[in-house]
Structures are given as C-alpha cells and as structure tokens.
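Visitor: Contents of entry_20.cif (mmCIF, C-alpha atoms and all ligand atoms) are given next:
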```cif
data_work
#
loop_
_atom_site.label_atom_id
_atom_site.label_comp_id
_atom_site.auth_asym_id
_atom_site.auth_seq_id
_atom_site.Cartn_x
_atom_site.Cartn_y
_atom_site.Cartn_z
CA MET A 1 25.72 -11.23 0.81
CA SER A 2 26.15 -7.64 -0.35
CA SER A 3 27.46 -5.21 2.30
CA ILE A 4 25.54 -2.45 0.54
CA LYS A 5 22.00 -2.09 1.82
CA ALA A 6 19.15 -0.07 0.36
CA ALA A 7 18.06 2.63 2.80
CA ILE A 8 15.00 4.83 2.66
CA THR A 9 16.41 8.37 2.69
CA GLY A 10 13.21 10.35 2.18
CA ILE A 11 9.46 9.99 2.07
CA GLN A 12 6.49 12.02 0.88
CA ALA A 13 2.84 11.16 0.44
CA PHE A 14 -0.20 12.75 -1.11
CA ALA A 15 -3.89 12.44 -0.30
CA PRO A 16 -6.46 14.22 -2.46
CA GLU A 17 -8.46 17.03 -0.91
CA TYR A 18 -11.98 15.60 -1.04
CA ILE A 19 -12.95 13.63 2.08
CA LEU A 20 -15.74 11.06 1.77
CA THR A 21 -17.12 10.38 5.25
CA ASN A 22 -19.06 7.34 6.47
CA LYS A 23 -21.98 9.71 6.98
CA GLU A 24 -21.97 10.71 3.30
CA LEU A 25 -21.69 7.06 2.18
CA ALA A 26 -24.70 6.20 4.34
CA THR A 27 -26.77 8.58 2.22
CA THR A 28 -26.03 6.58 -0.96
CA VAL A 29 -25.84 2.90 0.15
CA ASP A 30 -27.51 0.89 2.91
CA THR A 31 -24.82 1.25 5.59
CA THR A 32 -24.12 3.11 8.82
CA ASP A 33 -21.16 4.86 10.40
CA GLU A 34 -21.47 2.35 13.26
CA TRP A 35 -21.20 -0.73 10.96
CA ILE A 36 -18.21 0.65 9.04
CA THR A 37 -16.39 1.78 12.19
CA THR A 38 -16.85 -1.45 14.14
CA ARG A 39 -16.21 -3.84 11.21
CA THR A 40 -13.26 -1.96 9.61
CA GLY A 41 -12.06 0.96 11.77
CA ILE A 42 -12.58 3.39 8.86
CA LYS A 43 -14.21 6.80 9.42
CA GLU A 44 -13.34 8.59 6.18
CA ARG A 45 -11.30 8.27 2.98
CA HIS A 46 -9.82 10.74 0.46
CA ILE A 47 -11.16 10.70 -3.09
CA LEU A 48 -9.51 12.16 -6.20
CA LYS A 49 -12.01 14.38 -8.00
CA GLY A 50 -11.45 16.13 -11.30
CA LYS A 51 -11.82 15.10 -14.91
CA GLY A 52 -8.72 13.60 -16.51
CA LEU A 53 -6.90 13.02 -13.23
CA GLY A 54 -5.57 9.56 -12.44
CA THR A 55 -3.15 7.56 -10.35
CA SER A 56 -0.09 9.16 -11.98
CA ASP A 57 -1.19 12.64 -10.89
CA MET A 58 -1.23 11.66 -7.22
CA ALA A 59 2.09 9.84 -7.59
CA VAL A 60 3.67 12.92 -9.24
CA GLU A 61 2.52 15.13 -6.34
CA ALA A 62 4.21 12.77 -3.88
CA ILE A 63 7.38 12.51 -5.98
CA LYS A 64 7.73 16.28 -6.47
CA GLY A 65 7.63 16.70 -2.68
CA LEU A 66 10.07 13.84 -2.22
CA LEU A 67 12.59 15.34 -4.65
CA LYS A 68 12.31 18.71 -2.90
CA ASN A 69 12.70 17.22 0.61
CA THR A 70 15.77 15.28 -0.37
CA ASN A 71 17.38 17.97 -2.57
CA THR A 72 17.34 15.57 -5.49
CA LEU A 73 17.06 16.55 -9.13
CA PRO A 74 14.70 14.44 -11.27
CA GLU A 75 17.61 13.74 -13.65
CA GLU A 76 19.50 11.98 -10.83
CA ILE A 77 16.94 9.17 -10.51
CA ASP A 78 18.16 5.84 -12.00
CA LEU A 79 15.00 3.76 -11.61
CA LEU A 80 11.36 4.37 -10.76
CA ILE A 81 9.00 1.57 -9.73
CA CYS A 82 5.29 2.24 -9.42
CA ALA A 83 3.15 -0.17 -7.40
CA THR A 84 -0.45 0.13 -8.54
CA ILE A 85 -3.55 -1.84 -9.52
CA THR A 86 -5.31 1.21 -10.91
CA PRO A 87 -2.93 2.22 -13.71
CA ASP A 88 -3.75 5.34 -15.73
CA MET A 89 -4.37 2.99 -18.68
CA ALA A 90 -3.82 -0.69 -19.54
CA PHE A 91 -0.51 0.29 -21.12
CA PRO A 92 1.97 1.94 -21.08
CA ALA A 93 3.07 1.48 -17.48
CA THR A 94 1.95 4.25 -15.13
CA ALA A 95 5.60 4.49 -14.02
CA ASN A 96 6.46 5.68 -17.56
CA ILE A 97 3.75 8.36 -17.39
CA ILE A 98 4.92 9.46 -13.93
CA SER A 99 8.54 9.72 -15.12
CA ASP A 100 7.45 11.96 -17.98
CA LYS A 101 5.28 14.21 -15.79
CA ALA A 102 7.96 14.48 -13.05
CA GLY A 103 10.85 15.19 -15.45
CA ILE A 104 12.64 11.93 -14.63
CA LYS A 105 14.61 11.51 -17.86
CA ASN A 106 17.59 9.30 -17.04
CA ALA A 107 15.77 6.37 -15.49
CA PHE A 108 14.02 3.24 -16.62
CA SER A 109 10.66 2.62 -15.04
CA PHE A 110 8.05 -0.09 -14.69
CA ASP A 111 4.93 -1.03 -12.74
CA ILE A 112 4.48 -3.84 -10.25
CA ASN A 113 1.01 -5.31 -9.84
CA ALA A 114 0.77 -7.17 -6.53
CA ALA A 115 -2.40 -5.51 -5.21
CA CYS A 116 -2.11 -4.50 -1.55
CA SER A 117 1.36 -6.08 -1.24
CA GLY A 118 2.67 -4.08 -4.21
CA PHE A 119 4.58 -1.52 -2.17
CA ILE A 120 6.45 -4.26 -0.31
CA TYR A 121 7.13 -6.23 -3.51
CA SER A 122 8.45 -3.02 -5.11
CA LEU A 123 10.61 -2.08 -2.14
CA PHE A 124 12.17 -5.56 -2.21
CA THR A 125 12.76 -5.32 -5.98
CA ALA A 126 14.27 -1.83 -5.67
CA SER A 127 16.56 -2.99 -2.86
CA LYS A 128 18.10 -5.64 -5.14
CA TYR A 129 18.94 -3.03 -7.80
CA ILE A 130 20.65 -0.90 -5.12
CA GLU A 131 22.50 -3.89 -3.65
CA SER A 132 23.85 -4.68 -7.13
CA GLY A 133 25.93 -1.52 -6.79
CA SER A 134 24.82 -0.12 -10.15
CA PHE A 135 21.86 1.97 -8.97
CA LYS A 136 22.29 4.96 -6.65
CA LYS A 137 18.90 6.67 -6.49
CA VAL A 138 15.69 4.69 -6.86
CA ILE A 139 12.12 5.85 -6.27
CA VAL A 140 9.36 3.48 -5.24
CA VAL A 141 5.90 4.99 -5.40
CA GLY A 142 2.71 3.23 -4.27
CA ALA A 143 -0.38 4.88 -5.72
CA ASP A 144 -3.98 3.95 -6.31
CA LYS A 145 -7.12 5.73 -7.39
CA MET A 146 -9.34 3.01 -5.95
CA SER A 147 -12.39 5.23 -6.50
CA SER A 148 -11.97 4.49 -10.23
CA ALA A 149 -12.43 0.74 -9.62
CA VAL A 150 -15.00 0.69 -6.85
CA ASP A 151 -18.71 0.11 -7.38
CA TYR A 152 -20.41 2.81 -5.32
CA THR A 153 -23.64 0.77 -5.32
CA ASP A 154 -21.88 -2.20 -3.60
CA ARG A 155 -21.85 -1.55 0.14
CA GLN A 156 -19.46 -4.47 0.75
CA THR A 157 -16.58 -2.80 -1.10
CA CYS A 158 -17.31 0.91 -1.47
CA VAL A 159 -16.92 1.62 2.23
CA ILE A 160 -13.41 0.18 2.36
CA PHE A 161 -11.30 1.89 -0.26
CA GLY A 162 -9.75 5.33 -0.71
CA ASP A 163 -7.28 7.14 -2.97
CA GLY A 164 -3.70 8.18 -2.26
CA ALA A 165 -0.01 7.95 -3.10
CA GLY A 166 3.27 7.69 -1.23
CA ALA A 167 6.85 7.69 -2.50
CA VAL A 168 10.22 6.83 -0.98
CA LEU A 169 13.77 7.47 -2.17
CA LEU A 170 16.18 4.56 -1.75
CA GLU A 171 19.96 5.01 -1.71
CA PRO A 172 22.92 2.77 -0.90
CA SER A 173 23.94 2.59 2.74
CA ALA A 174 27.13 1.05 4.09
CA ASN A 175 26.51 1.56 7.83
CA GLY A 176 24.12 -1.36 8.40
CA ASN A 177 20.89 0.63 8.15
CA GLY A 178 18.38 -0.06 5.39
CA ILE A 179 16.45 -3.11 4.22
CA ILE A 180 17.80 -6.12 6.09
CA ASP A 181 15.45 -8.95 5.12
CA SER A 182 12.29 -9.66 3.15
CA ILE A 183 9.88 -12.58 2.83
CA LEU A 184 7.39 -12.49 -0.03
CA ARG A 185 4.69 -15.00 -0.94
CA THR A 186 2.11 -15.60 -3.68
CA ASP A 187 -0.87 -17.97 -3.91
CA GLY A 188 -2.68 -17.39 -7.19
CA SER A 189 -5.50 -19.77 -6.27
CA GLY A 190 -6.76 -16.98 -4.01
CA ARG A 191 -7.68 -14.94 -7.10
CA ILE A 192 -11.24 -16.29 -6.99
CA HIS A 193 -11.92 -14.26 -3.85
CA LEU A 194 -10.60 -10.86 -4.98
CA HIS A 195 -10.35 -9.66 -8.57
CA GLN A 196 -11.75 -7.52 -11.36
CA LYS A 197 -13.77 -9.78 -13.66
CA ALA A 198 -13.58 -7.92 -16.98
CA GLY A 199 -11.30 -5.61 -18.90
CA GLY A 200 -8.44 -8.09 -19.30
CA SER A 201 -7.63 -10.45 -22.17
CA VAL A 202 -9.98 -13.20 -20.94
CA LYS A 203 -12.99 -10.92 -20.91
CA PRO A 204 -12.38 -7.69 -22.81
CA ALA A 205 -14.73 -4.77 -22.27
CA SER A 206 -18.12 -5.12 -23.94
CA TYR A 207 -21.59 -3.70 -23.46
CA GLU A 208 -22.40 -6.88 -21.53
CA THR A 209 -19.45 -6.54 -19.11
CA VAL A 210 -20.39 -2.95 -18.45
CA ASP A 211 -24.07 -3.84 -17.92
CA ASN A 212 -23.00 -6.59 -15.49
CA ARG A 213 -20.78 -4.14 -13.55
CA GLU A 214 -17.77 -6.42 -14.10
CA HIS A 215 -15.19 -3.64 -14.30
CA PHE A 216 -15.29 -3.07 -10.56
CA VAL A 217 -13.46 -4.70 -7.66
CA TYR A 218 -15.08 -7.99 -6.71
CA GLN A 219 -14.29 -9.17 -3.18
CA ASP A 220 -15.60 -12.00 -1.05
CA GLY A 221 -14.72 -10.10 2.10
CA LYS A 222 -15.21 -12.91 4.59
CA ALA A 223 -12.94 -15.32 2.64
CA VAL A 224 -10.25 -12.68 2.13
CA PHE A 225 -10.42 -11.75 5.79
CA LYS A 226 -9.69 -15.32 6.85
CA PHE A 227 -6.57 -15.58 4.69
CA ALA A 228 -5.42 -12.02 5.46
CA VAL A 229 -5.65 -12.30 9.21
CA THR A 230 -3.67 -15.56 9.26
CA ASN A 231 -1.04 -14.87 6.61
CA MET A 232 -0.21 -11.28 7.55
CA ALA A 233 0.37 -12.28 11.17
CA ASP A 234 2.26 -15.49 10.24
CA ILE A 235 4.69 -13.73 7.93
CA ALA A 236 5.36 -10.92 10.40
CA VAL A 237 6.17 -13.50 13.09
CA GLU A 238 8.26 -15.50 10.60
CA ILE A 239 10.48 -12.51 9.76
CA MET A 240 10.88 -11.73 13.48
CA LYS A 241 12.01 -15.29 14.23
CA LYS A 242 14.30 -15.45 11.19
CA ASN A 243 16.09 -12.31 12.40
CA HIS A 244 16.03 -13.26 16.11
CA LEU A 245 13.88 -10.25 16.99
CA THR A 246 11.65 -10.11 20.06
CA ALA A 247 8.78 -7.66 20.46
CA ASN A 248 11.11 -5.50 22.59
CA ASP A 249 13.55 -5.14 19.69
CA ILE A 250 10.89 -3.77 17.35
CA SER A 251 10.28 -0.02 17.28
CA TRP A 252 7.39 -0.01 14.80
CA LEU A 253 5.05 -2.28 12.88
CA VAL A 254 3.83 -0.69 9.65
CA PRO A 255 0.89 -2.86 8.57
CA HIS A 256 -1.11 -2.60 5.37
CA GLN A 257 -4.32 -0.80 6.33
CA ALA A 258 -7.15 -3.07 5.14
CA ASN A 259 -9.07 -3.63 8.34
CA LEU A 260 -8.33 -2.58 11.93
CA ARG A 261 -9.19 -6.11 13.11
CA ILE A 262 -6.47 -7.59 10.83
CA ILE A 263 -3.95 -5.01 12.08
CA ASP A 264 -4.81 -5.72 15.74
CA ALA A 265 -4.52 -9.48 15.22
CA THR A 266 -1.08 -9.08 13.57
CA ALA A 267 0.20 -6.87 16.40
CA ARG A 268 -1.15 -9.29 19.01
CA ARG A 269 0.58 -12.28 17.37
CA MET A 270 3.85 -10.32 17.32
CA GLY A 271 3.40 -9.44 21.00
CA LEU A 272 3.51 -5.71 20.21
CA ASP A 273 1.81 -2.96 22.21
CA LYS A 274 -0.56 -0.80 20.21
CA ASP A 275 1.67 2.26 20.65
CA LYS A 276 4.24 0.62 18.37
CA VAL A 277 1.75 0.11 15.54
CA MET A 278 1.17 2.72 12.83
CA ILE A 279 -2.58 3.03 12.26
CA ASN A 280 -4.25 5.69 10.12
CA ILE A 281 -6.97 3.58 8.47
CA GLN A 282 -9.61 5.72 10.17
CA ARG A 283 -8.65 8.71 7.98
CA TYR A 284 -7.67 7.07 4.67
CA GLY A 285 -9.39 3.67 4.41
CA ASN A 286 -7.62 1.09 2.28
CA THR A 287 -5.57 2.96 -0.33
CA THR A 288 -4.09 -0.37 -1.57
CA ASN A 289 -0.49 0.43 -2.63
CA ALA A 290 -0.34 3.72 -0.71
CA THR A 291 -1.16 2.53 2.82
CA ILE A 292 2.38 1.76 4.00
CA PRO A 293 4.08 4.92 2.64
CA LEU A 294 1.17 7.04 3.97
CA CYS A 295 1.93 5.62 7.43
CA LEU A 296 5.71 6.11 7.17
CA TRP A 297 5.12 9.70 6.01
CA GLU A 298 2.82 10.54 8.91
CA TRP A 299 5.18 8.96 11.45
CA GLU A 300 8.44 10.27 9.90
CA ASP A 301 9.09 12.79 12.72
CA LYS A 302 8.98 10.01 15.33
CA LEU A 303 11.39 7.67 13.51
CA LYS A 304 14.98 7.45 14.68
CA LYS A 305 18.15 6.18 13.00
CA GLY A 306 18.54 2.48 13.75
CA ASP A 307 14.87 1.86 14.60
CA ASN A 308 13.86 -1.72 13.79
CA ILE A 309 10.77 -1.56 11.60
CA ILE A 310 8.61 -4.37 10.23
CA LEU A 311 6.40 -3.74 7.19
CA SER A 312 3.69 -6.32 6.56
CA ALA A 313 0.97 -6.65 3.93
CA PHE A 314 -1.62 -8.98 2.44
CA GLY A 315 -3.60 -8.46 -0.75
CA GLY A 316 -5.24 -9.68 -3.92
CA GLY A 317 -3.52 -12.45 -5.80
CA PHE A 318 -3.19 -13.61 -3.10
CA THR A 319 0.07 -11.84 -2.32
CA TRP A 320 1.62 -11.18 1.05
CA GLY A 321 4.94 -10.35 2.61
CA ALA A 322 7.03 -8.72 5.29
CA ILE A 323 10.15 -6.56 5.25
CA TYR A 324 12.54 -5.93 8.12
CA LEU A 325 14.45 -2.65 7.86
CA LYS A 326 16.55 -0.40 10.04
CA TRP A 327 15.55 3.25 9.67
CA ALA A 328 18.41 5.32 8.25
CA TYR A 329 17.88 8.92 9.39
CA ASP A 330 16.59 11.09 12.28
O1 LIG A 401 -6.66 -5.11 1.27
C1 LIG A 401 -6.64 -6.29 0.57
C2 LIG A 401 -7.30 -7.43 1.19
N1 LIG A 401 -8.62 -7.15 1.68
C3 LIG A 401 -8.91 -7.35 2.96
O2 LIG A 401 -8.04 -7.65 3.74
C4 LIG A 401 -10.37 -7.24 3.37
C5 LIG A 401 -10.74 -8.40 4.26
N2 LIG A 401 -12.14 -8.40 4.63
C6 LIG A 401 -12.69 -7.52 5.48
O3 LIG A 401 -12.06 -6.60 5.91
C7 LIG A 401 -14.11 -7.76 5.93
O4 LIG A 401 -14.52 -9.04 5.53
C8 LIG A 401 -15.14 -6.72 5.40
C9 LIG A 401 -14.89 -5.39 6.08
C10 LIG A 401 -15.02 -6.58 3.91
C11 LIG A 401 -16.56 -7.16 5.76
O5 LIG A 401 -16.66 -7.40 7.15
P1 LIG A 401 -17.26 -8.76 7.71
O6 LIG A 401 -17.26 -8.65 9.17
O7 LIG A 401 -16.48 -9.90 7.12
O8 LIG A 401 -18.73 -8.73 7.19
P2 LIG A 401 -19.48 -9.79 6.27
O9 LIG A 401 -19.05 -9.67 4.86
O10 LIG A 401 -19.44 -11.12 6.93
O11 LIG A 401 -20.97 -9.25 6.41
C12 LIG A 401 -21.68 -9.29 7.65
C13 LIG A 401 -23.04 -8.65 7.41
C14 LIG A 401 -23.77 -9.20 6.20
O12 LIG A 401 -25.15 -9.22 6.48
P3 LIG A 401 -25.89 -10.58 6.91
O13 LIG A 401 -25.66 -11.52 5.78
O14 LIG A 401 -25.20 -11.02 8.18
O15 LIG A 401 -27.29 -10.13 7.10
C15 LIG A 401 -23.50 -8.16 5.14
O16 LIG A 401 -24.50 -8.12 4.15
O17 LIG A 401 -22.86 -7.25 7.19
C16 LIG A 401 -23.50 -6.89 5.96
N3 LIG A 401 -22.73 -5.82 5.35
C17 LIG A 401 -22.95 -4.52 5.65
N4 LIG A 401 -23.83 -3.93 6.47
C18 LIG A 401 -23.77 -2.58 6.56
C19 LIG A 401 -21.72 -5.91 4.46
N5 LIG A 401 -21.26 -4.68 4.17
C20 LIG A 401 -22.01 -3.81 4.90
C21 LIG A 401 -22.01 -2.40 5.03
N6 LIG A 401 -22.91 -1.84 5.87
N7 LIG A 401 -21.15 -1.61 4.36
#
```
Can I see the file as structure tokens?
Guide:
Amino acid sequence: MSSIKAAITGIQAFAPEYILTNKELATTVDTTDEWITTRTGIKERHILKGKGLGTSDMAVEAIKGLLKNTNTLPEEIDLLICATITPDMAFPATANIISDKAGIKNAFSFDINAACSGFIYSLFTASKYIESGSFKKVIVVGADKMSSAVDYTDRQTCVIFGDGAGAVLLEPSANGNGIIDSILRTDGSGRIHLHQKAGGSVKPASYETVDNREHFVYQDGKAVFKFAVTNMADIAVEIMKKNHLTANDISWLVPHQANLRIIDATARRMGLDKDKVMINIQRYGNTTNATIPLCLWEWEDKLKKGDNIILSAFGGGFTWGAIYLKWAYD
C-alpha cells in the first residue's frame, strides 16, 4: 500500500444568498412548517437566483475562496473533479466550465455523477491520483443547483432540496494523516425509486416530456428512506469495524444531509453521541453533492490534526459509501 496519503488541506463552501423558508413554501404547496420539520429536520434552504447562473458559478465561488485560503495559484492545480447531478449542460463536463471560469489551466477535469454519494466517490477517486505520486494538488468540488431540477408543485420533493457548493484541496501527506480507507457501493436496481425520467438518451426532451413534468426529480421517498436508513448506517459501521474503531475513537461523523431521521439512525448504530455529528440540514436542506463539504466548512474551526472522521452518504443510483480519514491540520 502507498505510504503517501491524500490529505484535505483546505476547504471552502458557498451558499447562495436567497433563503427559501418552510413558511414561504407553505404559501405555494400544501405543506406546513410542522410537517417538514418533523419529517425531515429542514427549516430553510438556499436557492440560486439570477438568470444564466448555474452549478458552475457556485462551484467557482467556493474554489476562489479555497485557492485564497490555501495560498494556491489556479495554475498549480493538477486535477479538478466536480461531483454534480445538475451539470450546467449535458456536455461538456461542468468541471471543464469551472476550470475555465476559475483560471485553472494546467489541470485535466471531469465530472462524477453518483447523486448524493458523489462527493465521497470523488474524494476516493482523487485520493488514488494523489497516492499514485504523480498528482500534487487536486480539487474536489461538490455542487448542485437542485432548484433547477425540482418540481415546485410537488410537495414530496420540493421541500427537501437546496442549492450549494463546497470544495476541498487535497495534497500528499506522509505523516499518516489523510484518507485512510473507503468503502463504496452501487446498486443500479434502485434507480426505479429515484431518477429524472426524461432528458437522457432513452427519452430525449419533447413537448410531451415537458407537459408530463418529466424533467424533474422523481422520488419514491418512502422506498428511498428504507434503503438509505439501512445502508448508510451499515456502511458506517462496516468501515468502523474494518479499521478497528470504537465510537470513542471517532471525533466526528459527517453524514450526507438528506433527512435528520436517517442521520440520527446512522449515529445511533455507530454508538455516537449527537455532539459528534455534524448536522446543518435545518439551514441548507439536501444540497446533494454539497452537503458533506458544507458541513466540513462550517465545522473547520473545531477540527484538530489527527481527528478520526467518518464521512457517510447514500443517494440515487443507488449509490452509497463511507470514508475514514484523519484530519490533517489545526
Ligand atoms: O438524498 C438522497 C436520498 N434521498 C433520501 O434519503 C430521502 C429519503 N426519504 C425521506 O427522507 C422521506 O421519505 C421524505 C421526507 C421524502 C418523506 O417523508 P415520509 O415520512 O416518508 O412521508 P411519506 O412519503 O410516507 O408521506 C406521509 C404522508 C403522505 O400522506 P398520506 O398518504 O399519509 O395521507 C404524504 O402525502 O405525508 C404526505 N406528505 C406531505 N404532507 C405535507 C408528503 N410530503 C408532504 C409535505 N407536506 N411536504
């Protein structure tokens, strides 16, 4: 195994200014603040407003801050991976657009589409490039403008999602800190429960698909919940066992923020007290690929070198996974 590990050496996130509250949503669909709060834990979410603005614009805001924080020039970046399911356009990759807008000229870049597990999939992928020894500075950005894919007449989905972006810089580390282990899983048969029906090669856009509102997120929430609550907890426990970690050894759980009940169940299965769990779903909702970096960014001041951190996610695909890392800086 490589002695070089990939360590997160900086983080920055971005949430658009406009805040859509439960109260405002209740004026447009048949819902209540009470239902949303008790069923999901969400109170408000940020929404990107402004014509011509997309996922790349939020990602660029996060990356500009990241480069500044870490005293890094855009030309020094070797690789940029963007985790998103709301790309600026079907092609080219949003990562290519981000690189252009952020002045990242000496890198290659690509997108990873793994829905809510995309940030974890991307972090794992980036870590392998670093461990190869050939890549010194890699950016992983998770970004989604979910408001572009959500049907604001469908109360089952529109209350859940929000917009945001978060980026990390990864660099080689030789002192044992960084990404230690990862477990990733896919079960494509789960696609029937969570997908976007039209706009792909099977069902290209037509007047009919638009009339049938098939370009929005379709989710059978109850079915997804069942798989999410089991698999996210199972994989978090699996990575603990594999690395001989007890709850006492873990400083933080950073769970994907899809539903407070799923987060609580995962923490309970791991035997973790709530004060070791990063939770900000109440202020952002489910920002898909941005949830985990938004948490790390908000908790950055509390993180200490050597902290044992578990990241865990579940999402459309189905995809799920967990990463065990040791934080690399104070
Ligand atoms: O992030 C990627 C993966 N996604 C997830 O992990 C999401 C997993 N699923 C969930 O988080 C939950 O299933 C939801 C939050 C989506 C829904 O919560 P639920 O407790 O599973 O509710 P439900 O779908 O079983 O609906 C219960 C009731 C239904 O009414 P009836 O049939 O019992 O009369 C729904 O029509 O709640 C109704 N309902 C609502 N009521 C008020 C559904 N959405 C709403 C709403 N406001 N927004």
Visitor: Which polymer residues, whether protein, DNA or RNA, lie within 12 Å of the coordinate (17.8, 2.1, -2.3) when you count all atoms listed in the file? List them as a count of residues only, using the chain letters and numbers from the file.
Guide: 44
Visitor: Set out as CSV a contact list for chain A and ligand LIG 401 (chain A) with a cut-off of 7 Å, giving each residue of chain A that qualifies its closest atom pair and distance in Å to one decimal, counting all atoms listed in the file, ordered by chain and rising residue number.
Guide:
```
residue,atom,partner,partner_atom,distance
A:Asp30,CA,A:LIG401,N6,6.1
A:Thr31,CA,A:LIG401,N6,3.6
A:Thr32,CA,A:LIG401,N6,5.9
A:Trp35,CA,A:LIG401,C18,5.4
A:Ile36,CA,A:LIG401,N7,6.0
A:Arg39,CA,A:LIG401,O6,5.3
A:Thr40,CA,A:LIG401,C9,5.2
A:Cys116,CA,A:LIG401,C1,5.3
A:Arg155,CA,A:LIG401,N7,4.3
A:Gln156,CA,A:LIG401,N5,3.9
A:Thr157,CA,A:LIG401,C10,6.5
A:Val159,CA,A:LIG401,N7,5.7
A:Ile160,CA,A:LIG401,C9,6.9
A:Gly221,CA,A:LIG401,O4,3.6
A:Lys222,CA,A:LIG401,O4,4.0
A:Val224,CA,A:LIG401,C5,4.8
A:Phe225,CA,A:LIG401,C5,3.7
A:Ala228,CA,A:LIG401,O2,5.4
A:Ala258,CA,A:LIG401,O1,4.4
A:Asn259,CA,A:LIG401,O3,4.9
A:Asn286,CA,A:LIG401,O1,6.4
A:Thr288,CA,A:LIG401,O1,6.1
A:Phe314,CA,A:LIG401,C1,6.0
A:Gly315,CA,A:LIG401,C1,4.0
A:Gly316,CA,A:LIG401,C1,5.8
```
Visitor: Env of segment 214-219 of chain A: 10 Å cut, atoms = all atoms listed in the file, seq-sep filter 3 positions within chain, self excluded. Answer as a count of residues only.
Guide: 33
Visitor: One decimal, in Å: what's the spacing between atom CA of His46 of chain A and atom CA of Gly164 of chain A?
Guide: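 Going from atom CA of His46 of chain A over to atom CA of Gly164 of chain A, I get 7.2 Å.
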Visitor: Could you give me, as a compact mmCIF listing (two decimals) with C-alpha atoms, keeping the file's coordinate frame, the residues within 9 Å of segment 66-74 of chain A, counting only C-alpha atoms and dropping anything in the same chain fewer than 6 positions from it?
Guide:
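Final output, part15.txt:
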```txt
# COMPACT_ATOMS: atom_id res chain seq x y z
CA THR A 9 16.41 8.37 2.69
CA GLY A 10 13.21 10.35 2.18
CA ILE A 11 9.46 9.99 2.07
CA GLN A 12 6.49 12.02 0.88
CA ALA A 13 2.84 11.16 0.44
CA SER A 99 8.54 9.72 -15.12
CA ALA A 102 7.96 14.48 -13.05
CA GLY A 103 10.85 15.19 -15.45
CA ILE A 104 12.64 11.93 -14.63
CA LYS A 105 14.61 11.51 -17.86
CA ASN A 106 17.59 9.30 -17.04
CA ALA A 167 6.85 7.69 -2.50
CA VAL A 168 10.22 6.83 -0.98
CA LEU A 169 13.77 7.47 -2.17
```
Visitor: Find the spatial neighbours of Trp299 of chain A, counting all atoms listed in the file, within a cut-off of 12 Å - ignore same-chain residues fewer than 2 positions away - and output them as a count of residues only.
Guide: 26
Visitor: What is the atom CA of Leu311 of chain A to atom CA of Tyr324 of chain A distance in Å?
Guide: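 Here the two named atoms are 6.6 Å from each other.
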Visitor: Within 8 Å of Val237 of chain A, counting all atoms listed in the file, which residues show up once you throw out same-chain ones fewer than 4 positions away? Write them as a PyMOL selection string, please.
Guide: chain A and resi 233+241+269-270
Visitor: Could you check the closest approach to Ile42 of chain A for each of A:Phe108, A:Leu25, A:Ala59, A:Val141 and tell me which residue wins, using all atoms listed in the file?
Guide: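 Once distances to Ile42 of chain A are computed over all atoms listed in the file, the minimum belongs to A:Leu25.
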Visitor: Between A:Asp144, A:Glu17, A:Phe91, A:Lys23, which is the closest to Gly54 of chain A once you count all atoms listed in the file?
Guide: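 Checking each of A:Asp144, A:Glu17, A:Phe91, A:Lys23 against Gly54 of chain A, counting all atoms listed in the file, the winner is A:Asp144.
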Visitor: Which residue is closest to Lys64 of chain A? Choose from A:Gly190, A:Gly166, A:Gly271, A:Gly285 and count all atoms listed in the file.
Guide: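 Of A:Gly190, A:Gly166, A:Gly271, A:Gly285, the one nearest Lys64 of chain A, counting all atoms listed in the file, is A:Gly166.
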Visitor: Interatomic distance between atom CA of Phe318 of chain A and atom CA of Ala114 of chain A?
Guide: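 Taking atom CA of Phe318 of chain A as the start and atom CA of Ala114 of chain A as the end point, the length is 8.3 Å.
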Visitor: Which residue, A:Ala107, A:Ile250, A:Ala290, A:Val29, has the smallest gap to Ala83 of chain A when you use only C-alpha atoms?
Guide: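 Comparing A:Ala107, A:Ile250, A:Ala290, A:Val29 against Ala83 of chain A, the winner is A:Ala290.
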Visitor: Edge lengths and centre in Å to one decimal, as lines of an AutoDock Vina configuration file, is what I'm after for the box along x, y and z that holds all listed atoms of segment 93-99 of chain A once 3 Å is added on each side.
Guide:
```
center_x = 5.2
center_y = 5.6
center_z = -15.7
size_x = 12.6
size_y = 14.2
size_z = 9.6
```
